[in-house]
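One structure is given here, and the rest of the page talks about it.
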Amino acid sequence: MRDFNYIKKTDPEAYVILKNEYYRQGNHLEMIASENLASESVMEAAGSYHILKYAEGYAADHKFGKAGRYYAGCEHIDEAEELAIKRVCELFKCKYANVQPHSGAQANTAVQFALCKPGDRIMGMSLNSGGHLTHGAKPTFSGKYFDIRQYEVDPDTYLINYDKLENEIINFKPRLFIAGASAYPREIQFQRIREAIDKSNEELLEDIKQHYEVYQSMIEENGLDYIKNRYENEKCYFMVDMAHIAGLVAVGLQNDPLPYADVVTSTTHKTLKGPRGGIILTNNEELAAKIDKAVFPGIQGGPLENMILAKAVAFGEALKPEFAEYQNQVKKNAFMLAETLKACGVKLVSDGTDNHLVLIDLRNTDMTGLELEETLAKVGIIANKNAIPFDTQNKKTTSGLRIGTPAVTARGLTETEMIIIGNVIGHLIYRNTTIEDAKEQIDEIIKKFPLDKALKI
Ligand code: PLP
């Protein structure tokens, strides 16, 4: 643990909280699928002098040269932001990036603000099927300001049924279609969704042409302008929120959405292993300009420049060969965890995983997601209760538990430990072991893989 000498002296109350959180992290196995360990370098950048600087706007030589910064003294802030942009574009092989979103939710909101008007139709995956709140859930900005249609996974396979989805897209004709998820253990076929959206857009264009033919005497614009303007205003954009899988995508271990999506958003702190934050990527210059305006001044003020420096450091780490090895292990660990749980008789949503997370279906047991979350915490494993598709329990109880491998893999755990962890969880679910026995096994792993060592990569 770092010394934290200043806070120790000036604010002992805050220091105790900080120290306790550090020990909590060290004394548990962090298996929340959306969390990870960022390196000490990333954390140093996040706590750097950049935290002090106001820098609304973009660098003067930013791709669109829009206005520059609203404050003087931004020369090094500009360098950090452009470094983050350069590195993330190299990492995901894309042309444009906005690295200012404070979080994943802000990134998604900015895209919705950039591409849609209030009341426009948006389609996203429901929470229970694995989607994120910002993909149109009722209590959120997206759910309140847009006309939302939520799609579900197939009730038999718990996978996205792409043929059914295509029909839903064609019937609903959304302005924005959102793919990506927080709790979907399988690969998403972005190419197949692009085909469905293209079909829907072709149909839209035909409808507009026919409308013009029927009503041309009443339409003032000439045919081409009318058709082009209406199409541009109504066509469906494809956004992929790859927050969960970004690290895997970066090294080719999950389908890459960038060749197919108009816009891709992500968080930087999940599999990507960076600081908390968001990013927006695109290859479309016109959309990039709209997105920059939507982030600032649209929905945010001064960027968190310390976090942007930390993002640059994390993207630099992600470009190194070790990052691919790490992601490979993340996936191997998730697979082994899934196989071990299945061997214990535990039911998994979609019967396994292709990525970094496993979703346990507890409906054939006498345990709820809440009880399992609390039981695991007692033995030293931190994971979260999670709704599963077609869950009949309420959101605070749930019939599922989501468990992921990014953070424990960063700590050094491999398949050997996944077998122990999977068996511990399986036995706890079926009440074949005691908390004490289970804790002893987990404590042994915790001692063998100290947190401090993992942070210093
Ligand atoms: N998108 C997805 C798919 C997520 O899983 C999450 C968070 O868990 C977010 C967006 C939101 O990210 P943040 O918590 O940084 O706002």
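Simple scheme: letters A, B, ... for chains in structure tokens order, numbers from 1 for residues in each chain, numbers from 1 for ligands in the order shown.
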- Could you name the residues that touch A:Thr414 at 8 Å or less, counting only C-alpha atoms, but leaving out those on the same chain fewer than 3 positions away, as a ChimeraX atom specification? /A:329,333,409,417-418
Stretch 19-80 of chain A near stretch 294-309 of chain A within 6 Å: what's each residue's closest atom pair and its distance in Å to one decimal, counting only C-alpha atoms, ordered by chain then ascending residue number, as a Markdown table?
```
| residue | atom | partner | partner_atom | distance |
| --- | --- | --- | --- | --- |
| A:Ala45 | CA | A:Leu309 | CA | 5.9 |
| A:Ala46 | CA | A:Asn306 | CA | 4.9 |
| A:His50 | CA | A:Asn306 | CA | 4.5 |
| A:Ile51 | CA | A:Asn306 | CA | 4.6 |
| A:Tyr54 | CA | A:Gly302 | CA | 5.8 |
| A:Ala55 | CA | A:Gly302 | CA | 5.7 |
| A:Glu56 | CA | A:Gly302 | CA | 4.5 |
| A:Ala80 | CA | A:Leu309 | CA | 5.4 |
```
Given the selection you just returned, output its residues as a file containing C-alpha atoms, formatted as a short mmCIF file (atom, residue, chain, number, x, y, z; two decimals), in the first residue's frame.
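Okay, this is what ended up in result.cif:
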```cif
data_model
loop_
_atom_site.label_atom_id
_atom_site.label_comp_id
_atom_site.auth_asym_id
_atom_site.auth_seq_id
_atom_site.Cartn_x
_atom_site.Cartn_y
_atom_site.Cartn_z
CA ALA A 45 -2.08 9.43 -13.33
CA ALA A 46 -5.61 9.52 -11.91
CA HIS A 50 -4.06 17.12 -14.01
CA ILE A 51 -6.93 16.90 -11.52
CA TYR A 54 -10.07 23.27 -16.15
CA ALA A 55 -10.05 22.52 -19.87
CA GLU A 56 -13.54 22.82 -21.35
CA ALA A 80 -2.49 14.11 -22.68
#
```
- Task: Run DSSP on the backbone and grab whatever in stretch 190-344 of chain A lands in strand (DSSP E or B); send it over as an MDAnalysis selection string.
- Result: chainID A and resid 237:241 263:267 278:282
- Message: How would you report the residues lying within 12 Å of ligand 1, as a ChimeraX atom specification, if you count only C-alpha atoms and all ligand atoms?
- Response: /A:32-35,101-110,124-127,130-136,140,178-184,239-246,264-271,274-280,357,384,386,402
So that each row is one residue of stretch 86-135 of chain A with an atom at most 12 Å from stretch 250-260 of chain A, can you give its shortest atom pair and the distance in Å to one decimal, using only C-alpha atoms, rows by chain and rising number, as a tab-separated table?
```
residue	atom	partner	partner_atom	distance
A:Arg87	CA	A:Ala250	CA	11.6
A:Val88	CA	A:Ala250	CA	9.5
A:Cys89	CA	A:Ala250	CA	10.6
A:Glu90	CA	A:Ala250	CA	9.7
A:Leu91	CA	A:Ala250	CA	6.1
A:Phe92	CA	A:Ala250	CA	5.8
A:Lys93	CA	A:Leu258	CA	8.1
A:Cys94	CA	A:Leu258	CA	7.2
A:Lys95	CA	A:Leu258	CA	10.2
A:Tyr96	CA	A:Leu258	CA	11.2
A:Ala97	CA	A:Leu258	CA	11.9
```
Export N, CA and C atoms of the chosen residues as a compact mmCIF listing (two decimals), in the first residue's frame?
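Ended up saving to again09.txt:
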```txt
# COMPACT_ATOMS: atom_id res chain seq x y z
N ARG A 87 -3.76 6.73 -28.91
CA ARG A 87 -3.58 5.35 -28.47
C ARG A 87 -4.87 4.53 -28.60
N VAL A 88 -6.01 5.14 -28.23
CA VAL A 88 -7.25 4.35 -28.28
C VAL A 88 -7.64 4.08 -29.74
N CYS A 89 -7.33 5.02 -30.64
CA CYS A 89 -7.62 4.79 -32.06
C CYS A 89 -6.73 3.66 -32.59
N GLU A 90 -5.48 3.62 -32.12
CA GLU A 90 -4.58 2.54 -32.55
C GLU A 90 -5.09 1.20 -31.99
N LEU A 91 -5.51 1.23 -30.73
CA LEU A 91 -5.95 0.00 -30.07
C LEU A 91 -7.16 -0.63 -30.77
N PHE A 92 -8.13 0.23 -31.12
CA PHE A 92 -9.36 -0.29 -31.71
C PHE A 92 -9.42 -0.08 -33.23
N LYS A 93 -8.33 0.34 -33.81
CA LYS A 93 -8.22 0.55 -35.25
C LYS A 93 -9.39 1.38 -35.76
N CYS A 94 -9.55 2.56 -35.16
CA CYS A 94 -10.63 3.44 -35.64
C CYS A 94 -10.06 4.84 -35.87
N LYS A 95 -10.90 5.69 -36.51
CA LYS A 95 -10.39 7.00 -36.93
C LYS A 95 -10.59 8.09 -35.89
N TYR A 96 -11.72 8.05 -35.19
CA TYR A 96 -12.04 9.17 -34.29
C TYR A 96 -12.42 8.65 -32.91
N ALA A 97 -12.00 9.42 -31.90
CA ALA A 97 -12.37 9.03 -30.54
C ALA A 97 -12.63 10.27 -29.71
```
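If you measure from each of A:Val346, A:Val214, A:Val408, A:Ile291 to A:Lys331 using only C-alpha atoms, the closest one turns out to be A:Val408.
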- Message: Restricting the calculation to only C-alpha atoms: of A:Phe315, A:Phe172, A:Tyr226, A:Tyr231, which residue gets closest to A:Lys86?
- Response: A:Phe315
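The interatomic distance for the pair atom CA of A:Leu287 and atom CA of A:Tyr237 works out to 10.2 Å.
DSSP annotation of stretch 105-164 of chain A from backbone atoms: helix (DSSP H, G or I) residues are Ala105, Gln106, Ala107, Asn108, Thr109, Ala110, Val111, Gln112, Phe113, Ala114, Leu115, Leu133, Thr134, His135, Phe141, Ser142, Gly143, Lys144, Tyr145, Tyr162, Asp163 and Lys164 of chain A.
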